[in-house]
Amino acid sequence: MRNYDQVLETARKAFSLGKTRSVSFRKQQLKNLLRLFLENEKEILNALNADLRKCSFEGKLGECENLKSEVKHMLRNLDHYSAPETLPLNLLAFLDRGYIQREPFGVVLVIGTWNYPFNLSLQPLIGALAAGNCVILKPSEVAPRSAETMAKLLPKYLDAECYQVVLGGAEDTQQLLRHRFDYIFYTGSSSVGRIISTAAAVNLTPVTLELGGKSPCFIDDDADCRLAAKRILWGKVMNLGMTCIAPDYVLCSKQVETEFVKVAKEVLEEWYGPNLQKSGDLPRFPNQKQLMRLTKMLEATKGRVVVGGESNPEGLWLDPTIVVDVDGRDSLMEPQNEIFGPILPIVNVGCLEEAIQFINARPKPLALYIFARSNSKCERMLEQTSSGGACVNDVIWHNLWPGLPFGGVGDSGQGSYHGKSSFDTFSHKKSVLVRGFGYFSEKLGEARYPPYNDSSLRFFTFLVKYFEASNVNINHINSSHIISAIFGAVFLFAILYAFNLVCV
Amino acid sequence: MSKYHQKISHQEAVAIARSAFSTGRTKDVNFRLKQLRQLLRMYEENNDEILLALKKDMRKSKLEGYLYEVELMVNDVREAIRHLRTWTKPKWLRKNWLTFADKGKIERVPFGVVLVIGPWNYPFQLTLVPLCGAIAAGNCVIVKPSEVSVHSAAKMAELIPKYLDPECYHVVMGGPTESEELLKNKFDHIFFTGSIQVGRKIHQAAARHLTPVTLELGGKSPVYIDNTVDYAMAAQRIMWGKCMNMGQTCVAPDFIICTKEVEKAFIAEVKNAMQAWYGSDWKSKPDLARIINAKHFNRLKSYLLNSGKVAVGGGYDEDDLWIEPSILVDVKVTDPIMQEEVFGPILPIVNMNSVVEAIKYINGRNSVPLCMYVFSADRGVQSLFENHVSAGTFACNETIVQFAIDELPFGGAGESGMGTYHGKFSFDAFSRDRACVYRDFSYLADKLGVFRYPPYSVLKINFLSFLLHHWKKFNITYFDYVPHLICFLLGIFAVFLYNNIHDDN
């Protein structure tokens, strides 16, 4: 059993030296990370190919480009994010200074996962680094080449004491969790999320959990069924369904289902040709365990397979599969069992209300999708359900928006990240109040001292009420104010010129 | 049968709250505003009864009860009423070239059924300010006031059902056993104020249900004093913080670090201040509260007898639950009083000779303080503490006041807690971001994204990369400034126009 005492000690010592508190240090590390992505793209894509047979399109767009974009976003905004947020000038306390300082937590543990191994390990690391923490990264052992690549490359580009990579399996994670961290960021399944959360609670360690769940997809009778089917299949087949926000199952009427299945068959052939397994664009499962989990679900279903269904154990392959005549109690619909693979069950519902009831009877999902032309139906669905995020008339698309906070609720997780949310997640807000020993400000506050009497009570009540009303916000001077000021100056100049008070 | 008589059981209360939440009425901003106005009425109409309950529980004086409980609650709910519509407005997102035809927004949505557990030291304020935040954010709430402050808890149980929607907001009573039972229910968020030990138990119970928490805990808040201070002001501000509620305040200055020289000058001024405030017989003054119960009294008494040497105060009276505001000197870091939060009117002084030594000690305790107080006129010293000591809050030359400023988020880190609240931060504590993106079936919208479909090619990769990630070089939001530019050019144009007309004349 590995001993991680040394790893923790190195990280704590590095943090206490204060290196990561410096914004310029963090920016330098981020620039180095950017170089890592630019100089090693081929090696990253090779690792993804070795682990999941991920094609370069999905590897580039789904991982590399995303990471580069996140680093650039942090570099562009770090000064602004880490600057103290000054309070509105308060006329009562104008001799004092109050502001909110963003402070790193300290030593952060990031536990990655295997379906987007680089993305889901390094995007949290970027956030933790930007916020000034020291990081210990444990990538998933289920994608071993990716984990090894990260372990090899990170020490070459980043400060090796502040940012360490630890390799290992589930037992190693358990060992690590026996130590106290200042923050833990976990991406993975709900069941392991519970274990992580309970371990963190022993040390009062705050956590962000990016878990999963069954993301429902409702198609209204009114919707453009062809477009809906295309978009849903795109989301489902991407990465062979191993995406936490992939549409897990579809809810629709029988008539929509018929059209859906017809379009699906056409579209799959259009995209991948007649033999899907031969297409270079589709990845593979990382190991037998993942494949077996899905084939077992498929064997146990009481539904009817209408598309796909074939598997190839040696090739770690399962056809994109659609199953109809599935009801709520089917093996494919078990609430704790996120499909996380290329099987799409279709459950028939009569109307929107039935769909809403079906969704609300189950744990809250990470994403919720609705396809409908009617705005009021979309709003009703969104109002009456709860989910991490939601997208109307598309799937996964909401993840493409820059700076959208990404996170779950209930069993699908807690906390969020991406962009500014990452910085907020990995830092805490420290309130700062600075006073002086000036005579005037002391006089104002003197009424708080004993002995107490009714007149000091009245004075204080008045003071506190006035305190509330006397906030003047001088924080937000931006270019629009400057342009207005320039315009004002020009206008004044014009008036003075008109009255011959200035010469040109 | 629990000694805490209830009309309905905990489970029933939670079930009713869940059912009430699923009707969706707490999501309506007007409903929330109505409840908040009722809460305000509750405070205003029952001011005297609240102060009476506080007096019965710990002999809290009228001014302390009013200023540090009622007034804070009233201002808090007024702020929520004033700003709720702004807080609940969705934020529409900036687009990129790929999402040009879509709409995206982030909305703050409630968690659902939340649990607020209050402590006994400021029983109304520390239970009802979180309740206000939870209501404002649109949740249904189960409130569990502390059983230790018996009269305050009973008063809250009596008043809340009279003023607030009885299905959405429940008060449940109980001690540690009942709380353990209560925590077996699944909540969507738990807000706890109290000790570190109980905080750990709450966090673990919540973790089993994957319930997010906000924990307002405690710990030892150090005070560093150097010789650049105005000793009289420093002594007054520190003792004011320490004597408030007899030191039973989570943000009270816990212990002092200073040199022997500073200690002597400080104690001299403390004696002056205490004389001016309380005369010579402190026990007789109505302005000083009492220790909450015998358990805490005994704990504090043992500190007085087993740590350092008494320099000020030192008296106690078991029957009256009275401990004199005291200062202990020659305290060693291994003494009992230095092992956990004092939470009483005893102020130990530990001597250290440099800022570095002080910072090393504070950081070495491995327990992030809720507050770090620095009394020094030297900006360099202030900066050193601010930048090298992690803390929930930080104040220079003042104690406690940072708690009362609504624009400052109040909360701890590490063992002193997680999450923040007060003002808008309360609303944020009880809500979460939900991102919603709206697309449609229009031809243009679909065509923009058509390159995402297989079969994949290098062209598709490059095109999509460009749209997604390199758009910032061609930031379409510069269009925001077009109106300003037009006005500016109009200004210049006006000048030249007038110039030409003038010349023509």
# chains A, B, ... in the order shown; residues from 1 in each chain; ligands from 1
call {"tool": "interface_residues", "arguments": {"of": "chain B", "to": "chain A", "cutoff": "7 Å", "atoms": "only C-alpha atoms", "output": "PyMOL selection string"}}
result
chain B and resi 63+188+200+203-204+207-208+210-212+230+240+277-278+287+391-398+402+407-410+414-415+418+434-441+453-456+461+465+469+484+488+491-492+495
call {"tool": "residues_around", "arguments": {"residues": "Phe425 (chain B)", "least_positions_apart": "6", "cutoff": "12 Å", "atoms": "only C-alpha atoms", "output": "list in words"}}
result
Lys429 of chain A; Asp76, Glu79, Ala80, Trp87, Val129, Pro130, Cys132, Gly133, Ala134, Ala136, Ala137, Thr214, Ile405, Asp406, Glu407, Leu408, Pro409, Phe410, Gly411, Gly419, Ser431 and Arg432 of chain B
call {"tool": "write_last_selection", "arguments": {"atoms": "N, CA, C and O atoms", "output": "JSON list (two decimals), in the first residue's frame"}}
result
[["chain", "number", "residue", "atom", "x", "y", "z"],
["A", 429, "LYS", "N", -14.30, 33.30, -0.33],
["A", 429, "LYS", "CA", -14.37, 34.76, -0.22],
["A", 429, "LYS", "C", -14.01, 35.16, 1.20],
["A", 429, "LYS", "O", -14.71, 34.82, 2.14],
["B", 76, "ASP", "N", -31.80, 42.73, 7.54],
["B", 76, "ASP", "CA", -31.58, 41.62, 6.61],
["B", 76, "ASP", "C", -32.83, 41.37, 5.76],
["B", 76, "ASP", "O", -32.77, 41.26, 4.54],
["B", 79, "GLU", "N", -33.49, 44.22, 3.30],
["B", 79, "GLU", "CA", -32.59, 44.15, 2.15],
["B", 79, "GLU", "C", -33.09, 43.11, 1.15],
["B", 79, "GLU", "O", -33.10, 43.33, -0.06],
["B", 80, "ALA", "N", -33.56, 41.97, 1.67],
["B", 80, "ALA", "CA", -34.05, 40.92, 0.77],
["B", 80, "ALA", "C", -35.28, 41.40, 0.02],
["B", 80, "ALA", "O", -35.41, 41.18, -1.19],
["B", 87, "TRP", "N", -32.25, 39.98, -7.68],
["B", 87, "TRP", "CA", -31.51, 38.74, -7.44],
["B", 87, "TRP", "C", -32.05, 37.58, -8.27],
["B", 87, "TRP", "O", -31.29, 36.70, -8.67],
["B", 129, "VAL", "N", -32.00, 34.74, 10.28],
["B", 129, "VAL", "CA", -31.34, 35.33, 9.11],
["B", 129, "VAL", "C", -31.13, 34.26, 8.03],
["B", 129, "VAL", "O", -31.45, 34.48, 6.87],
["B", 130, "PRO", "N", -30.64, 33.07, 8.39],
["B", 130, "PRO", "CA", -30.62, 32.01, 7.37],
["B", 130, "PRO", "C", -32.02, 31.67, 6.85],
["B", 130, "PRO", "O", -32.20, 31.44, 5.66],
["B", 132, "CYS", "N", -34.51, 33.62, 6.45],
["B", 132, "CYS", "CA", -34.87, 34.66, 5.50],
["B", 132, "CYS", "C", -34.21, 34.38, 4.15],
["B", 132, "CYS", "O", -34.86, 34.48, 3.11],
["B", 133, "GLY", "N", -32.94, 34.02, 4.16],
["B", 133, "GLY", "CA", -32.24, 33.71, 2.92],
["B", 133, "GLY", "C", -32.87, 32.52, 2.19],
["B", 133, "GLY", "O", -33.04, 32.53, 0.98],
["B", 134, "ALA", "N", -33.26, 31.51, 2.98],
["B", 134, "ALA", "CA", -33.86, 30.31, 2.39],
["B", 134, "ALA", "C", -35.21, 30.63, 1.77],
["B", 134, "ALA", "O", -35.54, 30.13, 0.69],
["B", 136, "ALA", "N", -36.17, 33.65, 0.68],
["B", 136, "ALA", "CA", -35.92, 34.52, -0.48],
["B", 136, "ALA", "C", -35.50, 33.71, -1.69],
["B", 136, "ALA", "O", -35.87, 34.02, -2.82],
["B", 137, "ALA", "N", -34.75, 32.64, -1.46],
["B", 137, "ALA", "CA", -34.27, 31.83, -2.58],
["B", 137, "ALA", "C", -35.34, 30.88, -3.12],
["B", 137, "ALA", "O", -35.12, 30.23, -4.13],
["B", 214, "THR", "N", -24.02, 24.31, 4.12],
["B", 214, "THR", "CA", -23.30, 25.52, 4.51],
["B", 214, "THR", "C", -23.07, 25.36, 6.00],
["B", 214, "THR", "O", -24.01, 25.12, 6.75],
["B", 405, "ILE", "N", -21.68, 43.95, 8.31],
["B", 405, "ILE", "CA", -21.75, 44.64, 7.02],
["B", 405, "ILE", "C", -22.29, 43.66, 5.99],
["B", 405, "ILE", "O", -21.65, 42.68, 5.63],
["B", 406, "ASP", "N", -23.50, 43.94, 5.49],
["B", 406, "ASP", "CA", -24.20, 43.02, 4.60],
["B", 406, "ASP", "C", -23.50, 42.73, 3.29],
["B", 406, "ASP", "O", -23.71, 41.68, 2.69],
["B", 407, "GLU", "N", -22.70, 43.69, 2.84],
["B", 407, "GLU", "CA", -22.05, 43.48, 1.55],
["B", 407, "GLU", "C", -20.85, 42.57, 1.66],
["B", 407, "GLU", "O", -20.27, 42.18, 0.65],
["B", 408, "LEU", "N", -20.45, 42.25, 2.90],
["B", 408, "LEU", "CA", -19.32, 41.34, 3.09],
["B", 408, "LEU", "C", -19.84, 39.94, 3.32],
["B", 408, "LEU", "O", -20.68, 39.73, 4.20],
["B", 409, "PRO", "N", -19.36, 38.96, 2.54],
["B", 409, "PRO", "CA", -19.83, 37.60, 2.74],
["B", 409, "PRO", "C", -19.25, 37.06, 4.05],
["B", 409, "PRO", "O", -18.06, 37.22, 4.31],
["B", 410, "PHE", "N", -20.10, 36.46, 4.86],
["B", 410, "PHE", "CA", -19.61, 35.96, 6.14],
["B", 410, "PHE", "C", -19.54, 34.44, 6.15],
["B", 410, "PHE", "O", -20.56, 33.77, 5.92],
["B", 411, "GLY", "N", -18.36, 33.92, 6.39],
["B", 411, "GLY", "CA", -18.24, 32.47, 6.46],
["B", 411, "GLY", "C", -16.81, 32.08, 6.75],
["B", 411, "GLY", "O", -15.91, 32.91, 6.72],
["B", 419, "GLY", "N", -18.83, 27.86, 2.93],
["B", 419, "GLY", "CA", -19.95, 28.64, 2.42],
["B", 419, "GLY", "C", -20.01, 29.99, 3.13],
["B", 419, "GLY", "O", -19.37, 30.20, 4.16],
["B", 431, "SER", "N", -29.47, 28.89, -3.04],
["B", 431, "SER", "CA", -29.91, 28.66, -4.41],
["B", 431, "SER", "C", -28.71, 28.19, -5.22],
["B", 431, "SER", "O", -27.58, 28.21, -4.75],
["B", 432, "ARG", "N", -28.97, 27.72, -6.43],
["B", 432, "ARG", "CA", -27.87, 27.28, -7.26],
["B", 432, "ARG", "C", -28.11, 27.76, -8.69],
["B", 432, "ARG", "O", -29.24, 28.13, -9.05]]
call {"tool": "residues_around", "arguments": {"residues": "region 316-326 of chain B", "least_positions_apart": "6", "cutoff": "6 Å", "atoms": "only C-alpha atoms", "output": "list in words"}}
result
Arg290, Ile291, Pro345 and Ile346 of chain B
call {"tool": "write_last_selection", "arguments": {"atoms": "all heavy atoms", "output": "compact mmCIF listing (two decimals), in the first residue's frame"}}
result
# COMPACT_ATOMS: atom_id res chain seq x y z
N ARG B 290 -25.05 36.47 30.96
CA ARG B 290 -24.58 35.37 31.77
C ARG B 290 -24.18 34.21 30.87
O ARG B 290 -24.48 34.19 29.68
CB ARG B 290 -25.71 34.89 32.73
CG ARG B 290 -26.06 35.89 33.82
CD ARG B 290 -24.90 36.08 34.76
NE ARG B 290 -25.17 37.01 35.85
CZ ARG B 290 -24.91 38.32 35.80
NH1 ARG B 290 -24.41 38.87 34.71
NH2 ARG B 290 -25.15 39.09 36.83
N ILE B 291 -23.49 33.23 31.46
CA ILE B 291 -23.13 32.03 30.72
C ILE B 291 -24.40 31.21 30.54
O ILE B 291 -25.26 31.19 31.42
CB ILE B 291 -22.07 31.21 31.49
CG1 ILE B 291 -20.85 32.09 31.80
CG2 ILE B 291 -21.64 29.98 30.70
CD1 ILE B 291 -20.19 32.70 30.57
N PRO B 345 -16.00 34.89 28.43
CA PRO B 345 -15.39 36.21 28.64
C PRO B 345 -13.96 36.16 29.15
O PRO B 345 -13.55 37.02 29.92
CB PRO B 345 -16.32 36.83 29.69
CG PRO B 345 -16.78 35.66 30.50
CD PRO B 345 -16.89 34.50 29.56
N ILE B 346 -13.20 35.16 28.75
CA ILE B 346 -11.81 35.04 29.20
C ILE B 346 -10.90 35.25 28.00
O ILE B 346 -11.05 34.61 26.97
CB ILE B 346 -11.54 33.65 29.81
CG1 ILE B 346 -12.58 33.31 30.88
CG2 ILE B 346 -10.13 33.61 30.40
CD1 ILE B 346 -12.46 31.90 31.39
call {"tool": "select_by_dssp", "arguments": {"residues": "region 345-399 of chain B", "states": "alpha helix (DSSP H)", "output": "number ranges by chain"}}
result
B: 355-364, 379-388
call {"tool": "residues_around", "arguments": {"residues": "region 241-243 of chain B", "least_positions_apart": "2", "cutoff": "9 Å", "atoms": "only C-alpha atoms", "output": "ChimeraX atom specification"}}
result
/B:236-239,245-249,251-254,288-289,325,344-347,398-401
call {"tool": "atom_distance", "arguments": {"atom1": "CA of Leu33 (chain B)", "atom2": "CA of Ile135 (chain B)"}}
result
8.8 Å
call {"tool": "closest_residue", "arguments": {"among": "B:Trp92, B:Phe255, B:Phe192, B:Tyr169", "to": "Ala20 (chain B)", "atoms": "only C-alpha atoms"}}
result
B:Tyr169
call {"tool": "closest_residue", "arguments": {"among": "B:Asp57, B:Glu263, B:Asp281, B:Glu181", "to": "Gln11 (chain B)", "atoms": "only C-alpha atoms"}}
result
B:Glu181
call {"tool": "residues_around", "arguments": {"residues": "Pro145 (chain B)", "least_positions_apart": "4", "cutoff": "9 Å", "atoms": "only C-alpha atoms", "output": "ChimeraX atom specification"}}
result
/B:116-120,123-124,127,149,152-154,156-157,171-174
call {"tool": "closest_residue", "arguments": {"among": "B:Leu51, B:His10, B:Lys424, B:Ala429", "to": "Thr86 (chain B)", "atoms": "only C-alpha atoms"}}
result
B:Lys424
call {"tool": "residues_around", "arguments": {"residues": "Arg37 (chain B)", "least_positions_apart": "3", "cutoff": "8 Å", "atoms": "only C-alpha atoms", "output": "list in words"}}
result
Leu33, Lys34, Leu40, Arg41, Val77 and Ile81 of chain B
call {"tool": "decode", "arguments": {"residues": "region 377-399 of chain A", "atoms": "N, CA and C atoms", "output": "PDB file, in the first residue's frame"}}
result
ATOM      1  N   LYS A 377     -44.805  25.055 -23.495  1.00  0.00           N
ATOM      2  CA  LYS A 377     -44.548  23.676 -23.050  1.00  0.00           C
ATOM      3  C   LYS A 377     -43.123  23.564 -22.513  1.00  0.00           C
ATOM      4  N   CYS A 378     -42.174  24.214 -23.225  1.00  0.00           N
ATOM      5  CA  CYS A 378     -40.779  24.175 -22.767  1.00  0.00           C
ATOM      6  C   CYS A 378     -40.665  24.797 -21.386  1.00  0.00           C
ATOM      7  N   GLU A 379     -41.297  25.950 -21.208  1.00  0.00           N
ATOM      8  CA  GLU A 379     -41.217  26.635 -19.918  1.00  0.00           C
ATOM      9  C   GLU A 379     -41.844  25.795 -18.821  1.00  0.00           C
ATOM     10  N   ARG A 380     -42.963  25.123 -19.159  1.00  0.00           N
ATOM     11  CA  ARG A 380     -43.631  24.293 -18.143  1.00  0.00           C
ATOM     12  C   ARG A 380     -42.704  23.165 -17.708  1.00  0.00           C
ATOM     13  N   MET A 381     -42.070  22.549 -18.679  1.00  0.00           N
ATOM     14  CA  MET A 381     -41.150  21.459 -18.356  1.00  0.00           C
ATOM     15  C   MET A 381     -40.021  21.971 -17.474  1.00  0.00           C
ATOM     16  N   LEU A 382     -39.437  23.100 -17.850  1.00  0.00           N
ATOM     17  CA  LEU A 382     -38.299  23.625 -17.093  1.00  0.00           C
ATOM     18  C   LEU A 382     -38.722  24.065 -15.701  1.00  0.00           C
ATOM     19  N   GLU A 383     -39.904  24.699 -15.601  1.00  0.00           N
ATOM     20  CA  GLU A 383     -40.395  25.180 -14.310  1.00  0.00           C
ATOM     21  C   GLU A 383     -40.642  24.039 -13.333  1.00  0.00           C
ATOM     22  N   GLN A 384     -41.199  22.945 -13.838  1.00  0.00           N
ATOM     23  CA  GLN A 384     -41.681  21.913 -12.934  1.00  0.00           C
ATOM     24  C   GLN A 384     -40.683  20.792 -12.679  1.00  0.00           C
ATOM     25  N   THR A 385     -39.514  20.884 -13.280  1.00  0.00           N
ATOM     26  CA  THR A 385     -38.504  19.846 -13.031  1.00  0.00           C
ATOM     27  C   THR A 385     -37.237  20.505 -12.502  1.00  0.00           C
ATOM     28  N   SER A 386     -36.338  19.649 -12.012  1.00  0.00           N
ATOM     29  CA  SER A 386     -35.070  20.158 -11.504  1.00  0.00           C
ATOM     30  C   SER A 386     -33.951  19.369 -12.163  1.00  0.00           C
ATOM     31  N   SER A 387     -32.925  20.055 -12.616  1.00  0.00           N
ATOM     32  CA  SER A 387     -31.783  19.358 -13.212  1.00  0.00           C
ATOM     33  C   SER A 387     -30.575  20.266 -13.121  1.00  0.00           C
ATOM     34  N   GLY A 388     -29.385  19.705 -13.344  1.00  0.00           N
ATOM     35  CA  GLY A 388     -28.170  20.517 -13.301  1.00  0.00           C
ATOM     36  C   GLY A 388     -28.243  21.615 -14.342  1.00  0.00           C
ATOM     37  N   GLY A 389     -28.485  21.201 -15.602  1.00  0.00           N
ATOM     38  CA  GLY A 389     -28.607  22.164 -16.684  1.00  0.00           C
ATOM     39  C   GLY A 389     -29.714  21.690 -17.603  1.00  0.00           C
ATOM     40  N   ALA A 390     -30.071  22.496 -18.575  1.00  0.00           N
ATOM     41  CA  ALA A 390     -31.151  22.092 -19.479  1.00  0.00           C
ATOM     42  C   ALA A 390     -30.911  22.669 -20.862  1.00  0.00           C
ATOM     43  N   CYS A 391     -31.433  21.969 -21.858  1.00  0.00           N
ATOM     44  CA  CYS A 391     -31.299  22.472 -23.219  1.00  0.00           C
ATOM     45  C   CYS A 391     -32.598  22.218 -23.957  1.00  0.00           C
ATOM     46  N   VAL A 392     -33.069  23.228 -24.654  1.00  0.00           N
ATOM     47  CA  VAL A 392     -34.307  23.101 -25.418  1.00  0.00           C
ATOM     48  C   VAL A 392     -33.962  22.885 -26.886  1.00  0.00           C
ATOM     49  N   ASN A 393     -34.499  21.840 -27.453  1.00  0.00           N
ATOM     50  CA  ASN A 393     -34.348  21.521 -28.875  1.00  0.00           C
ATOM     51  C   ASN A 393     -32.936  21.179 -29.307  1.00  0.00           C
ATOM     52  N   ASP A 394     -32.142  20.725 -28.377  1.00  0.00           N
ATOM     53  CA  ASP A 394     -30.850  20.150 -28.737  1.00  0.00           C
ATOM     54  C   ASP A 394     -30.335  19.396 -27.519  1.00  0.00           C
ATOM     55  N   VAL A 395     -29.245  18.668 -27.702  1.00  0.00           N
ATOM     56  CA  VAL A 395     -28.643  17.992 -26.547  1.00  0.00           C
ATOM     57  C   VAL A 395     -27.170  18.360 -26.498  1.00  0.00           C
ATOM     58  N   ILE A 396     -26.621  18.428 -25.276  1.00  0.00           N
ATOM     59  CA  ILE A 396     -25.197  18.673 -25.058  1.00  0.00           C
ATOM     60  C   ILE A 396     -24.760  20.077 -25.500  1.00  0.00           C
ATOM     61  N   TRP A 397     -25.514  20.672 -26.378  1.00  0.00           N
ATOM     62  CA  TRP A 397     -25.203  21.984 -26.948  1.00  0.00           C
ATOM     63  C   TRP A 397     -24.924  23.013 -25.861  1.00  0.00           C
ATOM     64  N   HIS A 398     -25.639  22.908 -24.697  1.00  0.00           N
ATOM     65  CA  HIS A 398     -25.459  23.926 -23.656  1.00  0.00           C
ATOM     66  C   HIS A 398     -24.038  23.902 -23.109  1.00  0.00           C
ATOM     67  N   ASN A 399     -23.336  22.797 -23.309  1.00  0.00           N
ATOM     68  CA  ASN A 399     -21.970  22.714 -22.836  1.00  0.00           C
ATOM     69  C   ASN A 399     -21.001  23.510 -23.704  1.00  0.00           C
TER      70      ASN A 399
END
